[in-house]
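Quick look at query31.csv (CSV, C-alpha atoms and all ligand atoms):
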```
chain,number,residue,atom,x,y,z
A,235,MET,CA,-14.1,-109.5,36.6
A,236,ASN,CA,-17.8,-108.7,36.7
A,237,ALA,CA,-19.0,-105.3,35.7
A,238,ARG,CA,-21.5,-103.7,38.1
A,239,PRO,CA,-24.9,-103.4,36.3
A,240,TRP,CA,-26.6,-100.1,36.0
A,241,ARG,CA,-29.6,-101.4,34.0
A,242,SER,CA,-32.3,-99.7,36.1
A,243,VAL,CA,-31.7,-96.7,38.4
A,244,LEU,CA,-34.7,-95.8,40.5
A,245,TYR,CA,-35.5,-92.3,41.6
A,246,VAL,CA,-37.2,-92.2,45.0
A,247,PRO,CA,-38.6,-89.0,46.3
A,248,GLY,CA,-37.0,-88.0,49.6
A,249,ASP,CA,-40.3,-86.9,51.1
A,250,LYS,CA,-42.0,-90.3,50.7
A,251,PRO,CA,-40.9,-92.5,53.6
A,252,ARG,CA,-42.9,-95.5,52.3
A,253,ALA,CA,-41.2,-95.3,48.9
A,254,LEU,CA,-37.8,-95.0,50.6
A,255,GLU,CA,-38.5,-98.1,52.6
A,256,LYS,CA,-39.9,-100.0,49.7
A,257,ALA,CA,-37.0,-99.1,47.3
A,258,ARG,CA,-34.6,-101.4,49.1
A,259,THR,CA,-36.5,-104.5,48.0
A,260,LEU,CA,-37.5,-103.7,44.4
A,261,GLY,CA,-34.6,-105.1,42.4
A,262,ALA,CA,-33.3,-101.9,40.9
A,263,ASP,CA,-29.5,-102.0,40.2
A,264,ALA,CA,-29.1,-98.6,41.9
A,265,VAL,CA,-31.3,-95.9,43.4
A,266,ILE,CA,-31.3,-92.1,43.5
A,267,LEU,CA,-32.8,-90.6,46.6
A,268,ASP,CA,-34.1,-87.4,45.3
A,269,LEU,CA,-34.0,-84.0,47.1
A,270,GLU,CA,-34.4,-81.9,44.0
A,271,ASP,CA,-37.5,-81.8,41.7
A,272,ALA,CA,-39.5,-84.5,43.4
A,273,VAL,CA,-39.6,-82.6,46.6
A,274,ALA,CA,-41.5,-79.3,47.2
A,275,PRO,CA,-39.6,-76.4,48.8
A,276,GLU,CA,-41.6,-76.7,52.0
A,277,HIS,CA,-40.6,-80.4,52.4
A,278,LYS,CA,-36.9,-80.1,51.6
A,279,GLU,CA,-35.7,-80.3,55.2
A,280,ALA,CA,-37.9,-83.2,56.2
A,281,ALA,CA,-36.8,-85.0,53.0
A,282,ARG,CA,-33.1,-84.4,53.8
A,283,GLU,CA,-33.7,-86.0,57.2
A,284,ASN,CA,-35.5,-89.0,55.6
A,285,VAL,CA,-32.6,-89.4,53.2
A,286,ARG,CA,-30.1,-89.3,56.1
A,287,SER,CA,-32.0,-92.0,57.9
A,288,ALA,CA,-32.4,-94.1,54.7
A,289,LEU,CA,-28.7,-94.0,54.1
A,290,GLY,CA,-28.2,-95.7,57.4
A,291,ALA,CA,-30.1,-98.8,56.2
A,292,ARG,CA,-28.7,-101.8,54.3
A,293,TRP,CA,-29.1,-101.5,50.5
A,294,PRO,CA,-28.5,-104.2,47.9
A,295,GLY,CA,-26.8,-101.8,45.4
A,296,PRO,CA,-25.3,-98.3,45.1
A,297,VAL,CA,-27.3,-95.5,46.7
A,298,LEU,CA,-26.9,-92.0,45.1
A,299,VAL,CA,-28.5,-88.8,46.3
A,300,ARG,CA,-29.7,-86.1,43.9
A,301,VAL,CA,-28.9,-82.8,45.7
A,302,ASN,CA,-30.5,-79.5,44.9
A,303,GLY,CA,-28.6,-77.4,42.3
A,304,LEU,CA,-25.4,-75.6,43.0
A,305,GLY,CA,-26.2,-72.1,44.2
A,306,SER,CA,-29.6,-73.1,45.6
A,307,GLU,CA,-30.2,-72.5,49.3
A,308,TRP,CA,-30.4,-76.3,50.0
A,309,GLU,CA,-27.4,-77.7,48.0
A,310,HIS,CA,-24.7,-77.3,50.7
A,311,ALA,CA,-26.8,-79.0,53.5
A,312,ASP,CA,-27.9,-81.7,51.1
A,313,ARG,CA,-24.3,-82.5,50.1
A,314,GLU,CA,-22.9,-82.5,53.6
A,315,THR,CA,-25.8,-84.7,54.9
A,316,ALA,CA,-25.4,-87.2,52.1
A,317,LEU,CA,-21.6,-87.3,52.5
A,318,ARG,CA,-21.6,-87.7,56.2
A,319,ALA,CA,-24.3,-90.4,56.0
A,320,GLY,CA,-22.1,-92.5,53.7
A,321,VAL,CA,-23.7,-92.0,50.2
A,322,ASP,CA,-22.2,-94.0,47.3
A,323,GLY,CA,-22.3,-91.0,44.9
A,324,LEU,CA,-24.0,-87.6,44.3
A,325,VAL,CA,-26.2,-86.7,41.4
A,326,LEU,CA,-25.9,-83.1,40.5
A,327,PRO,CA,-28.8,-81.6,38.5
A,328,LYS,CA,-28.5,-79.2,35.5
A,329,VAL,CA,-24.7,-79.3,35.1
A,330,GLU,CA,-23.4,-76.8,32.6
A,331,ASP,CA,-19.9,-76.0,33.7
A,332,PRO,CA,-17.1,-78.5,34.0
A,333,ARG,CA,-15.2,-76.1,36.3
A,334,THR,CA,-17.9,-76.1,39.0
A,335,VAL,CA,-17.8,-79.9,39.0
A,336,ARG,CA,-14.0,-80.0,39.2
A,337,ASP,CA,-13.9,-77.5,42.0
A,338,LEU,CA,-16.2,-79.6,44.2
A,339,HIS,CA,-13.3,-82.1,44.9
A,340,LEU,CA,-15.8,-84.7,46.1
A,341,ARG,CA,-14.6,-87.9,47.8
A,342,VAL,CA,-17.4,-89.9,46.2
A,343,PRO,CA,-18.3,-90.4,42.5
A,344,LEU,CA,-20.3,-87.6,40.9
A,345,TRP,CA,-23.1,-88.2,38.4
A,346,ALA,CA,-23.8,-85.2,36.2
A,347,MET,CA,-27.3,-84.5,34.9
A,348,ILE,CA,-27.3,-83.2,31.4
A,349,GLU,CA,-30.6,-81.5,31.0
A,350,THR,CA,-30.0,-78.1,29.4
A,351,PRO,CA,-28.8,-77.0,25.9
A,352,LEU,CA,-25.6,-75.7,27.4
A,353,GLY,CA,-25.1,-78.9,29.3
A,354,VAL,CA,-25.4,-81.0,26.1
A,355,LEU,CA,-22.9,-78.7,24.3
A,356,ARG,CA,-20.4,-79.1,27.1
A,357,ALA,CA,-21.1,-82.7,27.9
A,358,PRO,CA,-17.6,-83.8,26.6
A,359,GLU,CA,-15.8,-81.5,29.0
A,360,ILE,CA,-18.1,-82.5,31.8
A,361,ALA,CA,-17.6,-86.2,31.2
A,362,ALA,CA,-13.8,-85.6,31.1
A,363,VAL,CA,-13.7,-84.3,34.7
A,364,PRO,CA,-12.0,-86.9,37.0
A,365,GLY,CA,-14.5,-88.1,39.6
A,366,VAL,CA,-17.4,-87.9,37.2
A,367,ALA,CA,-18.7,-91.5,37.0
A,368,GLY,CA,-21.5,-90.9,34.5
A,369,LEU,CA,-23.9,-88.7,32.7
A,370,LEU,CA,-27.7,-88.8,33.2
A,371,VAL,CA,-30.1,-87.3,30.8
A,372,GLY,CA,-32.9,-85.2,32.2
A,373,ALA,CA,-35.3,-85.2,29.2
A,374,ASN,CA,-38.1,-83.3,30.9
A,375,ASP,CA,-36.0,-80.2,31.6
A,376,LEU,CA,-34.2,-80.5,28.3
A,377,ALA,CA,-37.4,-80.7,26.3
A,378,ARG,CA,-38.7,-77.7,28.1
A,379,ALA,CA,-35.6,-75.7,27.5
A,380,LEU,CA,-35.4,-76.7,23.8
A,381,ARG,CA,-39.2,-76.0,23.3
A,382,THR,CA,-39.5,-79.4,21.6
A,383,ARG,CA,-42.9,-81.1,21.2
A,384,PRO,CA,-43.6,-84.5,22.6
A,385,HIS,CA,-42.8,-87.3,20.1
A,386,PRO,CA,-43.3,-91.0,20.5
A,387,GLU,CA,-39.8,-91.8,19.1
A,388,ARG,CA,-38.1,-88.9,20.8
A,389,ALA,CA,-37.1,-87.5,17.4
A,390,PRO,CA,-36.5,-83.9,18.6
A,391,LEU,CA,-34.2,-85.2,21.3
A,392,LEU,CA,-32.2,-87.8,19.4
A,393,ALA,CA,-29.2,-85.5,18.6
A,394,ALA,CA,-28.9,-84.6,22.3
A,395,LEU,CA,-29.3,-88.2,23.5
A,396,SER,CA,-26.5,-89.3,21.1
A,397,ALA,CA,-24.3,-86.4,22.2
A,398,VAL,CA,-24.6,-87.5,25.8
A,399,VAL,CA,-23.7,-91.1,24.9
A,400,LEU,CA,-20.8,-89.9,22.7
A,401,ALA,CA,-19.4,-87.7,25.5
A,402,ALA,CA,-19.7,-90.3,28.2
A,403,ARG,CA,-18.3,-93.2,26.1
A,404,ALA,CA,-15.5,-91.1,24.8
A,405,HIS,CA,-14.3,-90.7,28.4
A,406,GLY,CA,-15.1,-94.1,29.7
A,407,LYS,CA,-18.1,-92.9,31.7
A,408,LEU,CA,-21.6,-94.4,32.0
A,409,PRO,CA,-24.5,-92.8,30.1
A,410,LEU,CA,-27.9,-93.3,31.7
A,411,ASP,CA,-31.1,-92.7,29.7
A,412,ALA,CA,-33.9,-90.4,30.8
A,413,VAL,CA,-37.1,-91.2,32.7
A,414,TYR,CA,-40.3,-92.2,30.9
A,415,ASN,CA,-43.1,-90.2,32.5
A,416,ASP,CA,-46.1,-92.4,31.8
A,417,VAL,CA,-45.9,-95.1,34.4
A,418,ARG,CA,-49.1,-96.7,33.0
A,419,ASP,CA,-47.7,-97.3,29.5
A,420,PRO,CA,-45.5,-100.5,29.7
A,421,ALA,CA,-45.4,-100.9,25.9
A,422,GLY,CA,-44.2,-97.4,25.4
A,423,PHE,CA,-41.7,-97.7,28.2
A,424,THR,CA,-40.2,-101.0,26.7
A,425,ARG,CA,-40.0,-99.3,23.3
A,426,GLU,CA,-38.0,-96.4,24.8
A,427,CYS,CA,-35.7,-98.8,26.7
A,428,GLU,CA,-34.9,-100.6,23.5
A,429,GLN,CA,-34.2,-97.4,21.8
A,430,GLY,CA,-32.0,-96.2,24.6
A,431,ARG,CA,-30.1,-99.5,24.5
A,432,SER,CA,-29.6,-99.2,20.7
A,433,LEU,CA,-28.3,-95.6,21.2
A,434,GLY,CA,-25.6,-96.9,23.5
A,435,PHE,CA,-27.0,-96.1,27.0
A,436,ALA,CA,-25.9,-98.4,29.8
A,437,GLY,CA,-29.2,-98.2,31.6
A,438,LYS,CA,-32.4,-96.3,32.2
A,439,THR,CA,-33.4,-94.0,35.0
A,440,VAL,CA,-36.9,-95.0,36.2
A,441,ILE,CA,-39.6,-93.5,38.5
A,442,HIS,CA,-41.9,-96.4,39.4
A,443,PRO,CA,-41.4,-100.0,40.6
A,444,ASP,CA,-43.2,-101.4,37.5
A,445,GLN,CA,-40.5,-100.0,35.3
A,446,ILE,CA,-37.6,-101.8,36.9
A,447,GLY,CA,-38.1,-105.3,35.5
A,448,PRO,CA,-38.5,-104.1,31.9
A,449,ALA,CA,-35.4,-101.9,32.2
A,450,ASN,CA,-33.4,-104.8,33.6
A,451,LEU,CA,-34.5,-106.9,30.7
A,452,ALA,CA,-33.8,-104.4,28.0
A,453,PHE,CA,-30.4,-103.4,29.3
A,454,GLY,CA,-29.4,-106.8,30.5
A,455,VAL,CA,-28.3,-110.1,28.9
A,456,THR,CA,-30.5,-113.1,28.2
A,457,GLY,CA,-29.4,-116.7,28.6
A,458,PRO,CA,-29.3,-117.3,24.8
A,459,GLN,CA,-27.3,-114.1,24.3
A,460,ALA,CA,-24.8,-115.3,26.9
A,461,GLU,CA,-24.6,-118.7,25.2
A,462,ASP,CA,-23.9,-117.0,21.8
A,463,ALA,CA,-21.2,-114.9,23.5
A,464,ARG,CA,-19.5,-118.0,24.9
A,465,ALA,CA,-19.7,-119.7,21.5
A,466,LEU,CA,-18.2,-116.7,19.8
A,467,LEU,CA,-15.4,-116.6,22.4
A,468,ASP,CA,-14.6,-120.3,21.9
A,469,ALA,CA,-14.4,-119.7,18.1
A,470,TRP,CA,-12.2,-116.7,18.7
A,471,GLN,CA,-9.8,-118.6,21.0
A,472,GLN,CA,-9.5,-121.5,18.6
A,473,ALA,CA,-8.7,-119.0,15.8
A,474,ARG,CA,-6.1,-117.2,17.9
A,475,ALA,CA,-4.5,-120.6,18.8
A,476,GLN,CA,-4.1,-121.1,15.0
A,477,GLY,CA,-2.5,-117.7,14.7
A,478,LYS,CA,-5.5,-116.1,12.9
A,479,SER,CA,-6.8,-112.6,13.8
A,480,VAL,CA,-9.9,-112.8,11.7
A,481,VAL,CA,-12.3,-115.7,11.4
A,482,ALA,CA,-15.8,-116.4,10.2
A,483,HIS,CA,-18.2,-117.5,13.0
A,484,GLN,CA,-21.7,-118.7,12.1
A,485,GLY,CA,-21.2,-117.0,8.7
A,486,ALA,CA,-20.1,-113.6,10.1
A,487,LEU,CA,-16.7,-112.0,10.4
A,488,ILE,CA,-15.3,-111.8,13.9
A,489,GLU,CA,-12.3,-109.9,15.1
A,490,GLN,CA,-10.8,-108.8,18.4
A,491,MET,CA,-13.4,-106.2,19.1
A,492,HIS,CA,-16.2,-108.7,18.7
A,493,ALA,CA,-14.4,-110.9,21.3
A,494,ASP,CA,-14.1,-107.9,23.6
A,495,GLU,CA,-17.8,-107.2,23.2
A,496,ALA,CA,-18.7,-110.8,24.0
A,497,GLN,CA,-16.5,-110.7,27.1
A,498,GLU,CA,-18.2,-107.5,28.3
A,499,LEU,CA,-21.6,-109.1,27.7
A,500,LEU,CA,-20.6,-112.2,29.7
A,501,GLY,CA,-19.4,-109.9,32.5
A,502,LEU,CA,-22.8,-108.3,32.6
A,503,TRP,CA,-24.5,-111.7,32.5
A,504,GLU,CA,-22.4,-112.9,35.4
A,505,ALA,CA,-22.9,-109.7,37.4
A,506,THR,CA,-26.7,-110.1,37.1
A,507,GLN,CA,-26.5,-113.8,37.9
A,508,GLY,CA,-28.6,-114.7,34.8
A,509,GLY,CA,-31.5,-112.9,36.3
A,510,VAL,CA,-33.0,-111.7,33.0
A,511,GLY,CA,-34.0,-114.8,31.2
B,601,LIG,C1,-45.0,-91.5,39.5
B,601,LIG,C2,-45.6,-91.6,40.9
B,601,LIG,C3,-46.0,-90.2,41.4
B,601,LIG,C4,-46.8,-92.5,40.9
B,601,LIG,O1,-47.2,-92.6,42.2
B,601,LIG,P1,-48.4,-93.5,42.6
B,601,LIG,O2,-49.6,-93.4,41.7
B,601,LIG,O3,-48.7,-93.3,44.1
B,601,LIG,O4,-47.8,-95.0,42.4
B,601,LIG,P2,-48.4,-96.3,42.8
B,601,LIG,O5,-49.7,-96.2,43.6
B,601,LIG,O6,-48.6,-97.1,41.6
B,601,LIG,O7,-47.3,-97.0,43.7
B,601,LIG,C5,-47.4,-98.3,44.0
B,601,LIG,C6,-46.4,-98.7,45.1
B,601,LIG,O8,-45.1,-98.4,44.7
B,601,LIG,C7,-44.4,-97.4,45.6
B,601,LIG,N1,-43.6,-96.5,44.7
B,601,LIG,C8,-44.1,-95.7,43.7
B,601,LIG,N2,-43.1,-95.1,43.2
B,601,LIG,C9,-42.0,-95.4,43.8
B,601,LIG,C10,-40.6,-95.1,43.7
B,601,LIG,N3,-40.2,-94.2,42.8
B,601,LIG,N4,-39.7,-95.7,44.5
B,601,LIG,C11,-40.1,-96.6,45.5
B,601,LIG,N5,-41.4,-97.0,45.6
B,601,LIG,C12,-42.3,-96.4,44.8
B,601,LIG,C13,-45.6,-96.7,46.3
B,601,LIG,O9,-45.1,-96.2,47.5
B,601,LIG,C14,-46.6,-97.8,46.4
B,601,LIG,O10,-46.2,-98.7,47.5
B,601,LIG,P3,-47.3,-99.3,48.4
B,601,LIG,O11,-47.7,-98.3,49.3
B,601,LIG,O12,-46.6,-100.5,49.1
B,601,LIG,O13,-48.4,-99.9,47.5
B,601,LIG,C15,-44.5,-92.2,41.9
B,601,LIG,O14,-44.1,-93.4,41.3
B,601,LIG,C16,-43.3,-91.3,42.1
B,601,LIG,O15,-43.3,-90.4,42.9
B,601,LIG,N6,-42.2,-91.6,41.4
B,601,LIG,C17,-40.9,-90.9,41.5
B,601,LIG,C18,-41.0,-89.5,40.9
B,601,LIG,C19,-39.6,-88.9,41.0
B,601,LIG,O16,-38.8,-89.3,41.7
B,601,LIG,N7,-39.4,-87.8,40.2
B,601,LIG,C20,-38.2,-87.1,40.2
B,601,LIG,C21,-37.2,-87.8,39.3
B,601,LIG,S1,-37.5,-87.7,37.6
B,601,LIG,C22,-36.9,-86.1,37.2
B,601,LIG,O17,-36.7,-85.3,38.0
B,601,LIG,C23,-36.8,-85.9,35.8
B,601,LIG,C24,-35.5,-85.2,35.3
B,601,LIG,O18,-34.9,-84.4,36.2
B,601,LIG,C25,-35.8,-84.6,34.0
B,601,LIG,O19,-35.6,-83.4,33.8
B,601,LIG,O20,-36.3,-85.3,33.1
B,602,MG,MG,-34.6,-82.4,35.6
```
Could you take the file, read its structure, and then write that structure out as structure tokens?
Ligand SMILES: CC(C)(COP(=O)(O)OP(=O)(O)OC[C@H]1O[C@@H](n2cnc3c(N)ncnc32)[C@H](O)[C@@H]1OP(=O)(O)O)[C@@H](O)C(=O)NCCC(=O)NCCSC(=O)C[C@H](O)C(=O)O
Ligand SMILES: [Mg+2]
Amino acid sequence: MNARPWRSVLYVPGDKPRALEKARTLGADAVILDLEDAVAPEHKEAARENVRSALGARWPGPVLVRVNGLGSEWEHADRETALRAGVDGLVLPKVEDPRTVRDLHLRVPLWAMIETPLGVLRAPEIAAVPGVAGLLVGANDLARALRTRPHPERAPLLAALSAVVLAARAHGKLPLDAVYNDVRDPAGFTRECEQGRSLGFAGKTVIHPDQIGPANLAFGVTGPQAEDARALLDAWQQARAQGKSVVAHQGALIEQMHADEAQELLGLWEATQGGVG
């Protein structure tokens, strides 16, 4: 069975009708229609109406809505509007308490943003809540709360990034990496995608159309990688047919977990129809 890809997840401000229209055609694996930080207080209601209308359109992948925070004056109306309009999932900002998430009893998957120190510390309990599909890092809010300094390799945030990956993976949920703010720095963006992939993230949240292709590439599977995976699986199946549970393939040891990894990679390759090279 093919795994659904979450290589690129595009934030689209709810108060930008042109961007909401355009987002359907850009090739992101999923989108987040944003009612929270991208929208000024005086535009919240108009944005909610735009999002309601956008949810009525046809989309090529999952459409999530980021609602305003629990306890804010907008959150209830945001949530009801999105649910009634048929959203595929809700993104909840600044999640810190697993109980509030559990008490929501949502009928759609919930994506929890981890973007405060307490959220990071409680990420394992948040990820464990049934109905939570994944954890998203909000690095801007987190950096501000931690009083870290900007760093090209995100050194001050590495512990938190890994904590989020650990928590999500421990509970079979998807970890999505933070946005990269400089939309005019493709080299820096690609470097950060590679770092996120190495850390174990399943994909990257992005803020601009130009970031979608590079994220799909970094978190996707190339043709040569798919061929290597098929060769490894062939070698593994031959070994198993001979009753072996360890075998050397191209000079390196392979065991069951390497076969599982190759299978997962091929699933992603098939789900993306070989679209990344
Ligand atoms: C970052 C931007 C403000 C840049 O805007 P702009 O300079 O206007 O971009 P361009 O002129 O290059 O745009 C070219 C065309 O692309 C469309 N566009 C731009 N961005 C998007 C988008 N996100 N989705 C869909 N379409 C988009 C423009 O409409 C142009 O189209 P056309 O008219 O046909 O030429 C801007 O990109 C932007 O607003 N990005 C989203 C910002 C956002 O959503 N922020 C909130 C989420 S991130 C966050 O909150 C952080 C997190 O919580 C944390 O704590 O870290
Ligand atoms: Mg944030």
Suppose you want the space between atom O6 of ligand LIG 601 (chain B) and CA of Ile266 in chain A; what is it in Å?
-> 18.1 Å
Atomic separation - CA of Arg403 in chain A relative to CA of Asp468 in chain A, Å |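 Distance reported for this atom pair: 27.7 Å.
You can rank A:Pro251, A:Gly477, A:His492, A:Leu408 by their closest distance to Arg238 in chain A using only C-alpha atoms, and at the top of that list sits A:Leu408.
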Neighbours of ligand MG 602 (chain B) at 9 Å or closer, counting all atoms listed in the file: which residues, as an mmCIF file with C-alpha atoms, keeping the file's coordinate frame?
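Everything below was put into part-v5.cif:
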```cif
data_model
loop_
_atom_site.group_PDB
_atom_site.id
_atom_site.type_symbol
_atom_site.label_atom_id
_atom_site.label_comp_id
_atom_site.auth_asym_id
_atom_site.auth_seq_id
_atom_site.Cartn_x
_atom_site.Cartn_y
_atom_site.Cartn_z
ATOM 1 C CA GLU A 270 -34.400 -81.900 44.000
ATOM 2 C CA ASP A 271 -37.500 -81.800 41.700
ATOM 3 C CA PRO A 327 -28.800 -81.600 38.500
ATOM 4 C CA LYS A 328 -28.500 -79.200 35.500
ATOM 5 C CA MET A 347 -27.300 -84.500 34.900
ATOM 6 C CA ILE A 348 -27.300 -83.200 31.400
ATOM 7 C CA GLU A 349 -30.600 -81.500 31.000
ATOM 8 C CA THR A 350 -30.000 -78.100 29.400
ATOM 9 C CA VAL A 371 -30.100 -87.300 30.800
ATOM 10 C CA GLY A 372 -32.900 -85.200 32.200
ATOM 11 C CA ALA A 373 -35.300 -85.200 29.200
ATOM 12 C CA ASN A 374 -38.100 -83.300 30.900
ATOM 13 C CA ASP A 375 -36.000 -80.200 31.600
ATOM 14 C CA LEU A 376 -34.200 -80.500 28.300
#
```
Can you tell me which residues surround Ala460 in chain A at a distance of at most 9 Å, considering only C-alpha atoms, apart from same-chain residues fewer than 2 positions away, and format the answer as an mmCIF file with C-alpha atoms, in the frame of the given file?
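Resulting contents of around03.cif:
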```
data_model
loop_
_atom_site.group_PDB
_atom_site.id
_atom_site.type_symbol
_atom_site.label_atom_id
_atom_site.label_comp_id
_atom_site.auth_asym_id
_atom_site.auth_seq_id
_atom_site.Cartn_x
_atom_site.Cartn_y
_atom_site.Cartn_z
ATOM 1 C CA VAL A 455 -28.300 -110.100 28.900
ATOM 2 C CA THR A 456 -30.500 -113.100 28.200
ATOM 3 C CA GLY A 457 -29.400 -116.700 28.600
ATOM 4 C CA PRO A 458 -29.300 -117.300 24.800
ATOM 5 C CA ASP A 462 -23.900 -117.000 21.800
ATOM 6 C CA ALA A 463 -21.200 -114.900 23.500
ATOM 7 C CA ARG A 464 -19.500 -118.000 24.900
ATOM 8 C CA ALA A 465 -19.700 -119.700 21.500
ATOM 9 C CA ALA A 496 -18.700 -110.800 24.000
ATOM 10 C CA LEU A 499 -21.600 -109.100 27.700
ATOM 11 C CA LEU A 500 -20.600 -112.200 29.700
ATOM 12 C CA TRP A 503 -24.500 -111.700 32.500
ATOM 13 C CA GLY A 508 -28.600 -114.700 34.800
#
```
Give me the chain A side of the contact with ligand LIG 601 (chain B), cut-off 6 Å, one line per residue showing its nearest atom pair and distance in Å at one decimal, counting all atoms listed in the file, sorted by chain and residue number, as a Markdown table.
```
| residue | atom | partner | partner_atom | distance |
| --- | --- | --- | --- | --- |
| A:Tyr245 | CA | B:LIG601 | O16 | 4.5 |
| A:Val246 | CA | B:LIG601 | N3 | 4.2 |
| A:Pro247 | CA | B:LIG601 | O16 | 4.6 |
| A:Arg252 | CA | B:LIG601 | O9 | 5.3 |
| A:Ala253 | CA | B:LIG601 | N5 | 3.7 |
| A:Leu254 | CA | B:LIG601 | C11 | 5.8 |
| A:Lys256 | CA | B:LIG601 | N5 | 5.3 |
| A:Ala257 | CA | B:LIG601 | C11 | 4.4 |
| A:Asp271 | CA | B:LIG601 | O17 | 5.2 |
| A:Ala272 | CA | B:LIG601 | C20 | 4.3 |
| A:Gly372 | CA | B:LIG601 | C25 | 3.5 |
| A:Ala373 | CA | B:LIG601 | O20 | 4.0 |
| A:Asn374 | CA | B:LIG601 | O20 | 3.5 |
| A:Asp375 | CA | B:LIG601 | O19 | 3.9 |
| A:Val413 | CA | B:LIG601 | O20 | 6.0 |
| A:Ile441 | CA | B:LIG601 | C17 | 4.2 |
| A:His442 | CA | B:LIG601 | O14 | 4.2 |
| A:Pro443 | CA | B:LIG601 | C12 | 5.6 |
```
Contacts of Leu410 in chain A at 10 Å or less, counting all atoms listed in the file, minus same-chain residues fewer than 6 places along, as a PyMOL selection string?
-> chain A and resi 240-243+345+347+368-372+395+398-399+402+430-431+434-439
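A straight line drawn from CA of Pro420 in chain A to CA of Phe453 in chain A is 15.4 Å long.
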Close residues, Val285 in chain A itself excluded, 9 Å, only C-alpha atoms, min 6 positions apart in chain, as number ranges by chain | A: 248-249, 251, 254, 267-269, 299, 315-316, 319
Could you check which of A:Pro343, A:Pro294, A:Pro358, A:Pro351 is closest to Arg381 in chain A, using only C-alpha atoms?
->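 Closest candidate: A:Pro351.
Counting only C-alpha atoms and comparing A:Ala311, A:Cys427, A:Val325, A:Ala237, the residue that lies closest to Glu283 in chain A is A:Ala311.
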Hey, which of A:Arg356, A:Arg333, A:His277, A:Arg258 ends up closest to Leu400 in chain A? Count all atoms listed in the file.
->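 Among the listed residues, the smallest separation from Leu400 in chain A belongs to A:Arg356.
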Exercise: Pro296 in chain A partners within 8 Å, all atoms listed in the file, chain neighbours under 2 positions left out, as a PyMOL selection string = chain A and resi 263-265+293-294+298+322-323
A:Gly454, A:Met491, A:Pro275, A:Pro386: which is nearest Trp470 in chain A, counting only C-alpha atoms?
->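 Checking each candidate against Trp470 in chain A, we get A:Met491 as the closest.
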For Thr506 in chain A, the nearest of the candidates A:Ser287, A:Ser432, A:Asn450, A:Thr334, counting all atoms listed in the file =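 Among the listed residues, the smallest separation from Thr506 in chain A belongs to A:Asn450.
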